[in-house]
$ cat query37.txt   # compact mmCIF, C-alpha atoms
# COMPACT_ATOMS: atom_id res chain seq x y z
CA GLY A 1 0.00 0.00 0.00
CA ALA A 2 0.92 3.63 -0.31
CA VAL A 3 3.41 4.96 2.20
CA VAL A 4 2.81 8.57 1.23
CA SER A 5 -0.70 9.68 0.40
CA GLN A 6 -1.39 12.88 -1.49
CA HIS A 7 -4.78 14.54 -1.87
CA PRO A 8 -6.42 15.52 -4.10
CA SER A 9 -5.22 13.65 -7.18
CA TRP A 10 -6.44 16.43 -9.40
CA VAL A 11 -8.05 19.82 -8.98
CA ILE A 12 -9.39 22.49 -11.28
CA CYS A 13 -9.67 25.98 -9.90
CA LYS A 14 -10.44 29.44 -11.13
CA SER A 15 -7.72 31.99 -11.59
CA GLY A 16 -7.20 34.03 -8.43
CA THR A 17 -8.34 31.37 -6.00
CA SER A 18 -6.20 29.31 -3.64
CA VAL A 19 -5.74 25.57 -3.61
CA LYS A 20 -4.49 23.37 -0.79
CA ILE A 21 -2.73 20.04 -1.39
CA GLU A 22 -2.22 17.59 1.45
CA CYS A 23 0.60 15.10 1.84
CA ARG A 24 0.45 12.43 4.51
CA SER A 25 3.13 10.03 5.63
CA LEU A 26 1.29 6.83 6.53
CA ASP A 27 3.96 4.45 7.81
CA PHE A 28 6.50 6.63 9.55
CA GLN A 29 6.91 9.99 11.15
CA ALA A 30 8.43 12.40 8.70
CA THR A 31 10.12 15.41 10.21
CA THR A 32 11.03 16.44 6.69
CA MET A 33 8.96 16.34 3.53
CA PHE A 34 9.69 17.66 0.07
CA TRP A 35 7.51 19.34 -2.52
CA TYR A 36 8.21 19.07 -6.23
CA ARG A 37 6.62 20.51 -9.34
CA GLN A 38 6.70 18.91 -12.75
CA PHE A 39 5.71 20.50 -16.04
CA PRO A 40 4.81 18.33 -19.04
CA LYS A 41 7.74 16.42 -20.52
CA GLN A 42 10.09 17.81 -17.91
CA SER A 43 11.77 16.41 -14.83
CA LEU A 44 10.76 17.02 -11.24
CA MET A 45 11.88 20.34 -9.84
CA LEU A 46 12.29 20.65 -6.09
CA MET A 47 10.29 23.58 -4.76
CA ALA A 48 10.83 23.42 -1.03
CA THR A 49 11.74 21.33 1.97
CA SER A 50 9.03 21.17 4.60
CA ASN A 51 10.23 20.95 8.19
CA GLU A 52 7.92 19.89 11.00
CA GLY A 53 7.46 22.68 13.51
CA SER A 54 9.55 25.22 11.64
CA LYS A 55 9.60 27.25 8.46
CA ALA A 56 10.00 25.60 5.12
CA THR A 57 13.17 26.03 3.12
CA TYR A 58 12.47 27.21 -0.41
CA GLU A 59 14.63 26.62 -3.46
CA GLN A 60 15.93 29.58 -5.36
CA GLY A 61 13.31 31.21 -7.53
CA VAL A 62 10.31 29.75 -5.68
CA GLU A 63 8.04 32.40 -4.15
CA LYS A 64 7.43 31.54 -0.53
CA ASP A 65 4.42 33.86 -0.30
CA LYS A 66 2.78 32.16 -3.24
CA PHE A 67 3.47 28.58 -2.26
CA LEU A 68 2.65 28.35 1.43
CA ILE A 69 3.88 25.25 3.19
CA ASN A 70 2.69 24.10 6.58
CA HIS A 71 4.09 21.06 8.36
CA ALA A 72 2.15 21.06 11.60
CA SER A 73 2.52 17.40 12.47
CA LEU A 74 4.94 14.56 11.87
CA THR A 75 2.62 12.99 9.33
CA LEU A 76 1.10 15.91 7.45
CA SER A 77 2.46 18.64 5.23
CA THR A 78 0.32 20.95 3.13
CA LEU A 79 1.10 23.09 0.13
CA THR A 80 -1.21 25.98 -0.61
CA VAL A 81 -0.98 27.65 -4.00
CA THR A 82 -2.28 31.16 -3.34
CA SER A 83 -3.89 33.35 -5.97
CA ALA A 84 -3.37 30.67 -8.57
CA HIS A 85 -2.87 31.62 -12.20
CA PRO A 86 -2.80 29.49 -15.35
CA GLU A 87 1.00 29.37 -15.27
CA ASP A 88 0.76 27.55 -11.94
CA SER A 89 -0.94 24.65 -13.67
CA SER A 90 1.37 21.72 -13.12
CA PHE A 91 1.83 18.32 -11.51
CA TYR A 92 2.72 18.73 -7.84
CA ILE A 93 4.37 15.83 -6.01
CA CYS A 94 5.32 15.42 -2.37
CA SER A 95 7.91 13.11 -0.90
CA ALA A 96 8.97 11.88 2.51
CA ARG A 97 12.03 10.08 3.81
CA ALA A 98 12.81 8.64 7.18
CA SER A 99 15.33 10.86 8.91
CA GLY A 100 18.82 9.89 9.93
CA THR A 101 20.88 8.86 6.96
CA GLY A 102 21.16 9.30 3.24
CA ASP A 103 20.60 5.64 2.60
CA THR A 104 16.88 5.54 3.16
CA GLU A 105 14.55 5.36 0.23
CA ALA A 106 12.26 8.24 -0.56
CA PHE A 107 8.55 7.70 -0.86
CA PHE A 108 6.45 9.79 -3.17
CA GLY A 109 2.81 10.68 -3.30
CA GLN A 110 0.80 9.92 -6.39
CA GLY A 111 0.87 13.58 -7.37
CA THR A 112 -1.73 16.31 -7.77
CA ARG A 113 -2.54 17.68 -11.17
CA LEU A 114 -3.53 21.31 -10.81
CA THR A 115 -5.30 23.07 -13.63
CA VAL A 116 -6.01 26.77 -13.26
CA VAL A 117 -8.62 28.14 -15.63
CA ASP B 1 25.11 18.46 -5.42
CA ALA B 2 27.08 16.02 -7.52
CA LYS B 3 25.50 15.56 -10.96
CA THR B 4 24.58 12.44 -12.87
CA THR B 5 24.49 11.90 -16.62
CA GLN B 6 22.10 9.48 -18.29
CA PRO B 7 21.11 8.80 -21.89
CA ASN B 8 17.88 10.54 -22.83
CA SER B 9 16.21 7.38 -24.05
CA MET B 10 16.65 3.66 -24.55
CA GLU B 11 14.65 0.91 -26.15
CA SER B 12 14.26 -2.71 -25.22
CA ASN B 13 12.31 -5.72 -26.35
CA GLU B 14 10.03 -7.39 -23.89
CA GLU B 15 11.51 -10.30 -21.95
CA GLU B 16 15.05 -9.11 -22.62
CA PRO B 17 17.46 -7.65 -20.07
CA VAL B 18 17.97 -3.89 -19.95
CA HIS B 19 21.08 -2.10 -18.78
CA LEU B 20 20.54 1.55 -17.92
CA PRO B 21 23.82 3.44 -17.46
CA CYS B 22 24.55 6.42 -15.23
CA ASN B 23 27.73 8.46 -14.95
CA HIS B 24 28.54 10.31 -11.74
CA SER B 25 32.20 11.21 -12.02
CA THR B 26 32.08 13.82 -9.21
CA ILE B 27 30.54 11.49 -6.64
CA SER B 28 31.82 11.92 -3.09
CA GLY B 29 32.54 9.22 -0.58
CA THR B 30 29.30 9.82 1.33
CA ASP B 31 27.00 9.84 -1.71
CA TYR B 32 24.60 6.96 -2.14
CA ILE B 33 23.41 6.04 -5.62
CA HIS B 34 19.64 5.92 -5.86
CA TRP B 35 17.41 4.87 -8.73
CA TYR B 36 13.78 5.83 -9.09
CA ARG B 37 11.34 5.44 -11.93
CA GLN B 38 8.27 7.38 -12.91
CA LEU B 39 5.38 5.99 -14.86
CA PRO B 40 3.16 8.43 -16.75
CA SER B 41 1.02 10.66 -14.51
CA GLN B 42 2.34 9.09 -11.32
CA GLY B 43 4.79 10.04 -8.62
CA PRO B 44 8.24 8.47 -8.76
CA GLU B 45 8.75 5.00 -7.38
CA TYR B 46 11.84 3.73 -5.57
CA VAL B 47 13.76 1.06 -7.44
CA ILE B 48 17.06 0.45 -5.69
CA HIS B 49 20.03 2.14 -4.06
CA GLY B 50 23.57 1.34 -3.00
CA LEU B 51 26.87 2.75 -1.81
CA THR B 52 29.76 0.60 -3.00
CA SER B 53 28.68 -3.00 -3.42
CA ASN B 54 26.34 -4.33 -6.05
CA VAL B 55 22.76 -4.66 -4.85
CA ASN B 56 19.88 -6.89 -5.83
CA ASN B 57 16.20 -6.72 -5.00
CA ARG B 58 12.98 -8.02 -6.45
CA MET B 59 12.77 -5.22 -8.96
CA ALA B 60 16.30 -4.86 -10.28
CA SER B 61 20.02 -5.09 -9.74
CA LEU B 62 22.45 -2.24 -9.29
CA ALA B 63 26.01 -2.65 -10.50
CA ILE B 64 28.43 -0.04 -9.16
CA ALA B 65 31.81 0.51 -10.75
CA GLU B 66 34.83 -0.02 -8.54
CA ASP B 67 35.74 3.67 -8.68
CA ARG B 68 32.06 4.54 -8.13
CA LYS B 69 32.09 6.99 -11.01
CA SER B 70 29.40 5.09 -12.83
CA SER B 71 26.64 2.61 -12.18
CA THR B 72 24.20 0.49 -14.14
CA LEU B 73 20.63 -0.39 -13.33
CA ILE B 74 19.78 -3.84 -14.61
CA LEU B 75 16.24 -4.98 -15.31
CA HIS B 76 16.61 -8.70 -15.85
CA ARG B 77 13.52 -9.21 -17.99
CA ALA B 78 11.83 -6.08 -19.23
CA THR B 79 8.05 -6.03 -19.42
CA LEU B 80 5.71 -3.46 -20.89
CA ARG B 81 5.03 -2.26 -17.35
CA ASP B 82 8.69 -1.27 -17.01
CA ALA B 83 8.26 1.48 -19.59
CA ALA B 84 8.99 4.60 -17.59
CA VAL B 85 11.50 7.38 -17.00
CA TYR B 86 14.36 6.12 -14.86
CA TYR B 87 16.26 8.57 -12.69
CA CYS B 88 19.72 8.04 -11.24
CA ILE B 89 20.23 10.33 -8.25
CA LEU B 90 23.02 10.84 -5.74
CA SER B 91 21.93 11.21 -2.14
CA ARG B 92 24.39 12.55 0.39
CA ARG B 93 24.36 11.09 3.84
CA THR B 94 23.52 13.78 6.36
CA GLY B 95 22.04 13.91 9.82
CA THR B 96 18.60 14.65 8.47
CA ALA B 97 16.58 13.42 5.52
CA SER B 98 18.38 14.83 2.51
CA LYS B 99 16.66 16.13 -0.59
CA LEU B 100 16.79 14.36 -3.93
CA THR B 101 17.60 16.42 -7.01
CA PHE B 102 16.24 14.93 -10.21
CA GLY B 103 18.03 15.11 -13.52
CA THR B 104 16.45 14.45 -16.90
CA GLY B 105 16.50 10.67 -16.57
CA THR B 106 16.31 7.95 -19.23
CA ARG B 107 13.03 7.24 -20.93
CA LEU B 108 12.80 3.48 -21.42
CA GLN B 109 10.57 2.17 -24.17
CA VAL B 110 9.69 -1.51 -24.13
CA THR B 111 8.29 -3.11 -27.23
CA LEU B 112 6.77 -6.50 -27.96
$ encode --input "query37.txt" --output "structure tokens"
Amino acid sequence: GAVVSQHPSWVICKSGTSVKIECRSLDFQATTMFWYRQFPKQSLMLMATSNEGSKATYEQGVEKDKFLINHASLTLSTLTVTSAHPEDSSFYICSARASGTGDTEAFFGQGTRLTVV
Amino acid sequence: DAKTTQPNSMESNEEEPVHLPCNHSTISGTDYIHWYRQLPSQGPEYVIHGLTSNVNNRMASLAIAEDRKSSTLILHRATLRDAAVYYCILSRRTGTASKLTFGTGTRLQVTL
């Protein structure tokens, strides 16, 4: 079964509205989760690292005020796309890894396809 | 982050073995070699990872060069369900869960 669950799988929203995507770690406590974005025919691009109980760390070029990340518990991180516009339409994917070493596998959610109309 | 280089695409016939190469000439001693694959419209899926020794699991085998500057993912008998983009990623061992940086990967096509 899925180790990381992402919801919703797809969402269509109107331009200017906000959309929240949830990412849950089902089998382990994840102090750190990762959010990626993927445009068609491109690779995954890391947006930010979500840290439980503290502020997220954003990659260069990612607007922190537009992509709000909340990691309030050890099993849940949320990504809110605020004031969405058509250019924000993309495939958003979250990931979680057990902490401690670099030799643990990463688990990924099934992704959320966001379409802004 | 140390970079990896993979061919853009490869083709294989069903039931035949597939060898997917990856070059990582700037790998450091604490970098693990991870492989993930992504099927269309899905999140990536873990395949295998290793540090120095060759690794086998139910999905694949990972052959790591002695100098660790390259590795090969081996699918022993490709099936149509193995058609995906395969990513070779270096993951540095740190005290916390480290991020994975994806390259362009290799798109594997499997034909009958």
$ closest_residue --input "query37.txt" --among "A:Cys13, A:Ile69, A:Leu26, A:Leu44" --to "chain B" --atoms "only C-alpha atoms"
A:Leu44
$ closest_atom_pairs --input "query37.txt" --of "range 35-117 of chain A" --to "range 6-23 of chain B" --cutoff "12 Å" --atoms "all atoms listed in the file" --output "CSV"
residue,atom,partner,partner_atom,distance
A:Lys41,CA,B:Asn8,CA,11.9
A:Gln42,CA,B:Asn8,CA,11.7
A:Ser43,CA,B:Asn8,CA,11.7
$ write_last_selection --input "query37.txt" --atoms "C-alpha atoms" --output "compact mmCIF listing (two decimals), in the frame of the given file"
# COMPACT_ATOMS: atom_id res chain seq x y z
CA LYS A 41 7.74 16.42 -20.52
CA GLN A 42 10.09 17.81 -17.91
CA SER A 43 11.77 16.41 -14.83
$ axis_aligned_box --input "query37.txt" --around "range 71-76 of chain B" --padding-each-side "8 Å" --output "JSON"
{"center_x": 21.4, "center_y": -3.0, "center_z": -14.0, "size_x": 26.4, "size_y": 27.3, "size_z": 19.7}
$ atom_distance --input "query37.txt" --atom1 "CA of Ile27 in chain B" --atom2 "CA of Arg97 in chain A"
21.3 Å
$ closest_residue --input "query37.txt" --among "A:Ser5, A:Thr78, A:Thr17, A:Thr32" --to "chain B" --atoms "all atoms listed in the file"
A:Thr32
$ atom_distance --input "query37.txt" --atom1 "CA of Glu63 in chain A" --atom2 "CA of Gly16 in chain A"
15.9 Å
$ interface_residues --input "query37.txt" --of "chain B" --to "chain A" --cutoff "8 Å" --atoms "all atoms listed in the file" --output "list in words"
Asp31, Tyr32, His34, Ser41, Gln42, Gly43, Pro44, Glu45, Tyr46, His49, Gly50, Ser91, Arg92, Arg93, Thr94, Gly95, Thr96, Ala97, Ser98, Lys99, Thr101, Phe102, Gly103, Thr104 and Gly105 of chain B
$ write_last_selection --input "query37.txt" --atoms "C-alpha atoms" --output "PDB file, in the coordinates of the input"
ATOM      1  CA  ASP B  31      27.000   9.840  -1.710  1.00  0.00           C
ATOM      2  CA  TYR B  32      24.600   6.960  -2.140  1.00  0.00           C
ATOM      3  CA  HIS B  34      19.640   5.920  -5.860  1.00  0.00           C
ATOM      4  CA  SER B  41       1.020  10.660 -14.510  1.00  0.00           C
ATOM      5  CA  GLN B  42       2.340   9.090 -11.320  1.00  0.00           C
ATOM      6  CA  GLY B  43       4.790  10.040  -8.620  1.00  0.00           C
ATOM      7  CA  PRO B  44       8.240   8.470  -8.760  1.00  0.00           C
ATOM      8  CA  GLU B  45       8.750   5.000  -7.380  1.00  0.00           C
ATOM      9  CA  TYR B  46      11.840   3.730  -5.570  1.00  0.00           C
ATOM     10  CA  HIS B  49      20.030   2.140  -4.060  1.00  0.00           C
ATOM     11  CA  GLY B  50      23.570   1.340  -3.000  1.00  0.00           C
ATOM     12  CA  SER B  91      21.930  11.210  -2.140  1.00  0.00           C
ATOM     13  CA  ARG B  92      24.390  12.550   0.390  1.00  0.00           C
ATOM     14  CA  ARG B  93      24.360  11.090   3.840  1.00  0.00           C
ATOM     15  CA  THR B  94      23.520  13.780   6.360  1.00  0.00           C
ATOM     16  CA  GLY B  95      22.040  13.910   9.820  1.00  0.00           C
ATOM     17  CA  THR B  96      18.600  14.650   8.470  1.00  0.00           C
ATOM     18  CA  ALA B  97      16.580  13.420   5.520  1.00  0.00           C
ATOM     19  CA  SER B  98      18.380  14.830   2.510  1.00  0.00           C
ATOM     20  CA  LYS B  99      16.660  16.130  -0.590  1.00  0.00           C
ATOM     21  CA  THR B 101      17.600  16.420  -7.010  1.00  0.00           C
ATOM     22  CA  PHE B 102      16.240  14.930 -10.210  1.00  0.00           C
ATOM     23  CA  GLY B 103      18.030  15.110 -13.520  1.00  0.00           C
ATOM     24  CA  THR B 104      16.450  14.450 -16.900  1.00  0.00           C
ATOM     25  CA  GLY B 105      16.500  10.670 -16.570  1.00  0.00           C
TER      26      GLY B 105
END
$ closest_residue --input "query37.txt" --among "B:Val110, B:Leu90, B:Val47, B:Leu39" --to "Ala78 in chain B" --atoms "all atoms listed in the file"
B:Val110
$ residues_around --input "query37.txt" --residues "Ser61 in chain B" --least-positions-apart "3" --cutoff "10 Å" --atoms "only C-alpha atoms" --output "VMD selection string"
chain B and resid 19 47 to 50 54 to 58 64 72 to 76
$ atom_distance --input "query37.txt" --atom1 "CA of Thr30 in chain B" --atom2 "CA of Thr52 in chain B"
10.2 Å
$ closest_residue --input "query37.txt" --among "A:Lys64, A:His71, A:His85, A:Arg24" --to "Thr115 in chain A" --atoms "all atoms listed in the file"
A:His85
$ closest_residue --input "query37.txt" --among "B:Thr111, B:His24, B:Thr5, B:Arg81" --to "Arg37 in chain B" --atoms "all atoms listed in the file"
B:Arg81
$ closest_residue --input "query37.txt" --among "B:Leu100, B:Ala2, B:Ala83, B:Leu108" --to "Lys69 in chain B" --atoms "only C-alpha atoms"
B:Ala2
$ build_atoms --input "query37.txt" --residues "range 42-75 of chain B" --atoms "N, CA and C atoms" --output "tab-separated table (two decimals), keeping the file's coordinate frame"
chain	number	residue	atom	x	y	z
B	42	GLN	N	2.20	9.61	-12.68
B	42	GLN	CA	2.34	9.09	-11.32
B	42	GLN	C	3.55	9.72	-10.65
B	43	GLY	N	3.59	9.63	-9.32
B	43	GLY	CA	4.79	10.04	-8.62
B	43	GLY	C	5.89	9.01	-8.81
B	44	PRO	N	7.14	9.41	-8.61
B	44	PRO	CA	8.24	8.47	-8.76
B	44	PRO	C	8.12	7.30	-7.79
B	45	GLU	N	8.76	6.23	-8.18
B	45	GLU	CA	8.75	5.00	-7.38
B	45	GLU	C	10.19	4.57	-7.13
B	46	TYR	N	10.49	4.21	-5.90
B	46	TYR	CA	11.84	3.73	-5.57
B	46	TYR	C	12.14	2.43	-6.28
B	47	VAL	N	13.35	2.31	-6.80
B	47	VAL	CA	13.76	1.06	-7.44
B	47	VAL	C	14.84	0.37	-6.62
B	48	ILE	N	15.93	1.07	-6.37
B	48	ILE	CA	17.06	0.45	-5.69
B	48	ILE	C	18.07	1.52	-5.30
B	49	HIS	N	18.93	1.23	-4.34
B	49	HIS	CA	20.03	2.14	-4.06
B	49	HIS	C	21.20	1.37	-3.46
B	50	GLY	N	22.38	1.99	-3.53
B	50	GLY	CA	23.57	1.34	-3.00
B	50	GLY	C	24.68	2.35	-2.76
B	51	LEU	N	25.74	1.88	-2.12
B	51	LEU	CA	26.87	2.75	-1.81
B	51	LEU	C	28.12	2.31	-2.56
B	52	THR	N	28.56	1.09	-2.33
B	52	THR	CA	29.76	0.60	-3.00
B	52	THR	C	29.56	-0.77	-3.63
B	53	SER	N	28.87	-1.63	-2.92
B	53	SER	CA	28.68	-3.00	-3.42
B	53	SER	C	27.47	-3.09	-4.32
B	54	ASN	N	27.49	-4.08	-5.20
B	54	ASN	CA	26.34	-4.33	-6.05
B	54	ASN	C	25.16	-4.75	-5.18
B	55	VAL	N	23.97	-4.40	-5.63
B	55	VAL	CA	22.76	-4.66	-4.85
B	55	VAL	C	21.73	-5.35	-5.73
B	56	ASN	N	20.97	-6.23	-5.12
B	56	ASN	CA	19.88	-6.89	-5.83
B	56	ASN	C	18.60	-6.79	-4.99
B	57	ASN	N	17.50	-6.58	-5.67
B	57	ASN	CA	16.20	-6.72	-5.00
B	57	ASN	C	15.21	-7.30	-6.00
B	58	ARG	N	13.95	-7.35	-5.60
B	58	ARG	CA	12.98	-8.02	-6.45
B	58	ARG	C	12.73	-7.27	-7.75
B	59	MET	N	13.05	-6.00	-7.76
B	59	MET	CA	12.77	-5.22	-8.96
B	59	MET	C	13.93	-5.20	-9.94
B	60	ALA	N	15.16	-5.10	-9.40
B	60	ALA	CA	16.30	-4.86	-10.28
B	60	ALA	C	17.60	-5.18	-9.56
B	61	SER	N	18.68	-5.00	-10.31
B	61	SER	CA	20.02	-5.09	-9.74
B	61	SER	C	20.75	-3.79	-10.02
B	62	LEU	N	21.64	-3.43	-9.13
B	62	LEU	CA	22.45	-2.24	-9.29
B	62	LEU	C	23.92	-2.65	-9.28
B	63	ALA	N	24.59	-2.37	-10.39
B	63	ALA	CA	26.01	-2.65	-10.50
B	63	ALA	C	26.77	-1.35	-10.38
B	64	ILE	N	27.67	-1.27	-9.42
B	64	ILE	CA	28.43	-0.04	-9.16
B	64	ILE	C	29.88	-0.27	-9.53
B	65	ALA	N	30.42	0.63	-10.35
B	65	ALA	CA	31.81	0.51	-10.75
B	65	ALA	C	32.73	0.61	-9.54
B	66	GLU	N	33.90	0.01	-9.67
B	66	GLU	CA	34.83	-0.02	-8.54
B	66	GLU	C	35.24	1.38	-8.10
B	67	ASP	N	35.39	2.30	-9.04
B	67	ASP	CA	35.74	3.67	-8.68
B	67	ASP	C	34.52	4.52	-8.35
B	68	ARG	N	33.36	3.92	-8.45
B	68	ARG	CA	32.06	4.54	-8.13
B	68	ARG	C	31.71	5.70	-9.04
B	69	LYS	N	32.39	5.88	-10.12
B	69	LYS	CA	32.09	6.99	-11.01
B	69	LYS	C	30.99	6.66	-12.01
B	70	SER	N	30.52	5.46	-11.98
B	70	SER	CA	29.40	5.09	-12.83
B	70	SER	C	28.66	3.92	-12.21
B	71	SER	N	27.43	3.74	-12.66
B	71	SER	CA	26.64	2.61	-12.18
B	71	SER	C	25.68	2.20	-13.29
B	72	THR	N	25.13	1.01	-13.15
B	72	THR	CA	24.20	0.49	-14.14
B	72	THR	C	23.02	-0.16	-13.44
B	73	LEU	N	21.84	0.26	-13.82
B	73	LEU	CA	20.63	-0.39	-13.33
B	73	LEU	C	20.28	-1.50	-14.30
B	74	ILE	N	20.06	-2.68	-13.77
B	74	ILE	CA	19.78	-3.84	-14.61
B	74	ILE	C	18.37	-4.34	-14.33
B	75	LEU	N	17.55	-4.33	-15.37
B	75	LEU	CA	16.24	-4.98	-15.31
B	75	LEU	C	16.42	-6.30	-16.01
